[in-house]
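Student: Enclosed is the structure file target-v6.tsv (TSV, C-alpha atoms).
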chain	number	residue	atom	x	y	z
L	1	MET	CA	83.18	100.33	80.57
L	2	ALA	CA	82.67	98.22	83.69
L	3	THR	CA	79.25	96.72	84.22
L	4	ASP	CA	77.27	97.39	87.38
L	5	GLN	CA	78.42	95.07	90.13
L	6	LYS	CA	76.75	94.09	93.39
L	7	THR	CA	80.18	93.87	94.97
L	8	GLY	CA	82.29	96.99	95.03
L	9	PRO	CA	84.11	99.32	97.42
L	10	LYS	CA	81.90	100.67	100.21
L	11	SER	CA	82.36	103.51	102.67
L	12	VAL	CA	82.01	101.37	105.82
L	13	LEU	CA	85.32	100.97	107.65
L	14	PRO	CA	86.51	97.35	107.85
L	15	ALA	CA	87.68	97.89	111.45
L	16	ASP	CA	84.12	98.94	112.40
L	17	HIS	CA	82.67	95.88	110.66
L	18	VAL	CA	85.11	93.58	112.46
L	19	ALA	CA	84.53	95.25	115.85
L	20	ALA	CA	80.78	94.69	115.44
L	21	LEU	CA	81.12	90.93	114.93
L	22	GLY	CA	79.23	89.15	117.70
L	23	ASP	CA	81.41	86.03	117.76
L	24	ASP	CA	84.73	86.39	119.61
L	25	ILE	CA	86.50	83.73	117.53
L	26	ARG	CA	85.33	85.26	114.25
L	27	ARG	CA	86.35	88.76	115.42
L	28	CYS	CA	89.82	87.59	116.52
L	29	ASP	CA	90.30	85.66	113.26
L	30	ALA	CA	89.22	88.71	111.24
L	31	GLU	CA	91.72	90.91	113.09
L	32	ARG	CA	94.49	88.42	112.30
L	33	LEU	CA	93.54	88.39	108.62
L	34	LEU	CA	93.42	92.19	108.49
L	35	ALA	CA	97.03	92.25	109.68
L	36	LEU	CA	98.23	89.38	107.47
L	37	PHE	CA	96.65	90.49	104.20
L	38	GLY	CA	97.57	94.11	104.82
L	39	ALA	CA	101.22	93.13	105.29
L	40	LEU	CA	101.23	90.87	102.21
L	41	THR	CA	99.61	93.39	99.86
L	42	GLY	CA	100.70	96.72	101.29
L	43	ALA	CA	97.09	97.81	100.81
L	44	ARG	CA	94.54	99.21	103.23
L	45	PRO	CA	91.46	97.03	103.72
L	46	ARG	CA	88.16	98.15	102.17
L	47	MET	CA	84.67	96.78	102.43
L	48	TRP	CA	83.46	95.25	99.15
L	49	GLY	CA	79.80	94.75	99.88
L	50	PRO	CA	78.20	94.19	103.27
L	51	THR	CA	80.55	91.44	104.54
L	52	MET	CA	83.60	91.13	102.27
L	53	ILE	CA	86.85	92.84	103.21
L	54	GLY	CA	89.29	93.17	100.32
L	55	PHE	CA	92.84	94.40	99.79
L	56	GLY	CA	94.10	96.10	96.63
L	57	SER	CA	92.17	95.97	93.37
L	58	TYR	CA	92.43	95.03	89.73
L	59	GLN	CA	90.25	95.18	86.66
L	60	TYR	CA	89.39	91.90	84.97
L	61	ARG	CA	87.93	91.17	81.56
L	62	LEU	CA	86.32	87.81	80.82
L	63	ALA	CA	86.29	86.09	77.43
L	64	SER	CA	82.58	86.97	77.26
L	65	GLY	CA	83.52	90.66	77.27
L	66	ARG	CA	82.20	91.20	80.78
L	67	GLN	CA	84.58	93.25	82.92
L	68	GLY	CA	84.73	94.68	86.39
L	69	ASP	CA	86.88	95.58	89.37
L	70	THR	CA	87.52	93.39	92.37
L	71	PHE	CA	89.97	92.96	95.21
L	72	VAL	CA	93.28	91.10	95.05
L	73	ILE	CA	92.69	89.03	98.18
L	74	GLY	CA	90.04	89.21	100.82
L	75	PHE	CA	87.86	87.52	103.36
L	76	ALA	CA	84.35	87.50	104.78
L	77	PRO	CA	83.70	86.66	108.42
L	78	ARG	CA	80.52	84.61	108.18
L	79	LYS	CA	78.58	83.08	111.05
L	80	ALA	CA	79.58	79.45	110.41
L	81	GLU	CA	83.07	79.96	109.02
L	82	MET	CA	85.57	82.42	107.61
L	83	VAL	CA	85.64	82.66	103.82
L	84	ILE	CA	89.00	83.55	102.29
L	85	TYR	CA	89.00	84.68	98.67
L	86	LEU	CA	92.12	83.49	96.80
L	87	MET	CA	91.45	85.44	93.60
L	88	GLY	CA	94.59	84.22	91.79
L	89	HIS	CA	92.97	80.89	90.80
L	90	ILE	CA	96.00	78.91	91.93
L	91	SER	CA	94.30	75.53	92.37
L	92	ASN	CA	96.06	74.04	89.31
L	93	GLU	CA	99.53	75.23	90.33
L	94	PRO	CA	102.17	72.67	91.36
L	95	GLY	CA	102.21	72.10	95.09
L	96	PHE	CA	98.75	73.54	95.73
L	97	ALA	CA	97.20	70.20	96.78
L	98	ALA	CA	100.15	69.48	99.09
L	99	LEU	CA	99.73	72.87	100.76
L	100	LEU	CA	96.05	72.21	101.34
L	101	GLN	CA	96.89	68.85	102.95
L	102	ARG	CA	99.17	70.65	105.42
L	103	LEU	CA	96.72	73.51	106.08
L	104	GLY	CA	94.41	71.80	108.55
L	105	PRO	CA	90.60	71.57	108.63
L	106	HIS	CA	89.09	73.43	105.66
L	107	ARG	CA	86.79	73.25	102.65
L	108	MET	CA	87.83	74.56	99.25
L	109	GLY	CA	85.66	75.94	96.47
L	110	LYS	CA	86.84	77.32	93.12
L	111	SER	CA	88.60	80.30	94.70
L	112	CYS	CA	87.08	80.28	98.19
L	113	LEU	CA	88.76	78.72	101.18
L	114	TYR	CA	86.44	78.03	104.12
L	115	LEU	CA	87.90	77.90	107.64
L	116	ARG	CA	86.13	77.54	110.98
L	117	ASN	CA	88.94	78.70	113.27
L	118	LEU	CA	92.41	80.03	112.44
L	119	ASP	CA	93.81	78.45	115.61
L	120	ARG	CA	93.19	75.03	114.04
L	121	ILE	CA	95.18	75.64	110.85
L	122	ASP	CA	98.82	76.18	109.96
L	123	MET	CA	99.07	79.94	109.50
L	124	ASN	CA	102.35	79.58	107.59
L	125	VAL	CA	100.53	77.50	104.98
L	126	LEU	CA	97.71	80.05	104.79
L	127	GLU	CA	100.29	82.78	104.29
L	128	GLU	CA	101.94	80.81	101.47
L	129	LEU	CA	98.58	80.25	99.76
L	130	ALA	CA	97.87	83.98	100.04
L	131	ARG	CA	101.32	84.89	98.67
L	132	ARG	CA	100.85	82.59	95.68
L	133	SER	CA	97.40	83.97	94.93
L	134	ILE	CA	98.61	87.57	95.11
L	135	ALA	CA	101.65	86.80	92.92
L	136	ALA	CA	99.47	85.07	90.31
L	137	LEU	CA	97.25	88.14	90.02
L	138	ARG	CA	100.18	90.53	89.87
L	139	ALA	CA	101.63	88.48	87.02
L	140	ARG	CA	98.39	88.75	84.98
L	141	TYR	CA	96.88	92.12	85.89
L	142	ASP	CA	97.79	95.69	86.71
L	143	VAL	CA	97.20	95.49	90.45
L	144	SER	CA	96.45	98.69	92.35
L	145	VAL	CA	97.40	99.08	95.99
L	146	GLN	CA	95.64	101.94	97.73
How does the structure come out when it is put into structure tokens?
Tutor:
Amino acid sequence: MATDQKTGPKSVLPADHVAALGDDIRRCDAERLLALFGALTGARPRMWGPTMIGFGSYQYRLASGRQGDTFVIGFAPRKAEMVIYLMGHISNEPGFAALLQRLGPHRMGKSCLYLRNLDRIDMNVLEELARRSIAALRARYDVSVQ
């Protein structure tokens, strides 16, 4: 049985959330990511909480026994920067560091990629990072595309 999660599918339409963004750059970047991640996953976007837009889903189970559902790849248009969620935990894969060097201005957390403006990065590199993350999840989990 999945535990209660703060983050989960919501009824708000991602297109409505994106259209309501006050920042033109953030709105344009979000529209580009909607198209890119939709094409890569074959999934419709869904809101996962108040600001996160996710594509596809899978159920995870941690060594602690905790389990839940989350999206395969997603993003959150935040005021200061765009947060991209690379859920495949690919940071230890060969070539990952080299891809990040080619990406352009960014910050990287454990599975979060922070970007200020998509016009300042190499979109081909972002697409490759997204592809690798999605493939890593599909290799480990039963991924649902709805």
Student: Between L:Pro50, L:Gly74, L:Gly56, L:Gly68, single out the one closest to Leu33 (chain L), counting all atoms listed in the file.
Tutor: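 Answer, going by the shortest atom-to-atom distance: L:Gly74.
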Student: For each of L:Ala97, L:Ile25, L:Ala139, L:Leu36, take the minimum atom-to-atom distance to Lys79 (chain L), counting only C-alpha atoms, then give the residue where this is smallest.
Tutor: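 When distances to Lys79 (chain L) are compared using only C-alpha atoms, the smallest one comes from L:Ile25.
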Student: I'd like the contact shell of Leu13 (chain L) - 10 Å cut-off, all atoms listed in the file, skipping same-chain residues fewer than 6 positions apart - returned as a compact mmCIF listing (two decimals) with C-alpha atoms, in the frame of the given file.
Tutor:
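Written output follows (around.txt):
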# COMPACT_ATOMS: atom_id res chain seq x y z
CA PRO L 45 91.46 97.03 103.72
CA ARG L 46 88.16 98.15 102.17
CA MET L 47 84.67 96.78 102.43
CA ILE L 53 86.85 92.84 103.21
Student: Residues at most 12 Å from Asn92 (chain L), counting all atoms listed in the file, excluding those fewer than 2 positions away in the same chain, as a PyMOL selection string?
Tutor: chain L and resi 88-90+94-98+110-111+132-133+136
Student: Just give me the gap between CA of Met123 (chain L) and CA of His17 (chain L) in Å, one decimal is fine.
Tutor: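 A separation of 22.9 Å between them.
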Student: Have a look at L:Asn124, L:Ser144, L:Thr41, L:Asn117 and name the one nearest to Met82 (chain L); count all atoms listed in the file.
Tutor: L:Asn117
Student: From the options L:Leu34, L:Leu103, L:Cys112, L:Val83, which residue's atoms come nearest to Val18 (chain L), counting all atoms listed in the file?
Tutor: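 Closest candidate: L:Leu34.
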Student: One decimal, Å: what's the distance from CA of Asp69 (chain L) over to CA of Ser57 (chain L), could you say?
Tutor: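 Straight-line distance from CA of Asp69 (chain L) to CA of Ser57 (chain L) works out to 6.6 Å.
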Student: When you look at Pro14 (chain L) with a cut-off of 12 Å (counting all atoms listed in the file), what residues show up, excluding the ones that are within fewer than 5 positions of it in the same chain? I need them as a VMD selection string.
Tutor: chain L and resid 9 19 to 21 27 30 to 31 33 to 35 38 44 to 55 74 to 77
Student: One decimal, in Å: what's the spacing between CA of Gly104 (chain L) and CA of Ile121 (chain L)?
Tutor: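 Interatomic distance, CA of Gly104 (chain L) to CA of Ile121 (chain L): 4.5 Å.
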Student: Of the residues L:Asp23, L:Asp29, L:Ile84, L:Arg78, which is the one nearest to Arg107 (chain L), using only C-alpha atoms?
Tutor: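 Of L:Asp23, L:Asp29, L:Ile84, L:Arg78, the one nearest Arg107 (chain L), counting only C-alpha atoms, is L:Ile84.
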Student: May I ask which of the residues L:Glu81, L:Glu128, L:Glu93, L:Asp142 is the closest one to Arg116 (chain L), counting only C-alpha atoms?
Tutor: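 Of the candidates, the smallest distance to Arg116 (chain L) is held by L:Glu81.
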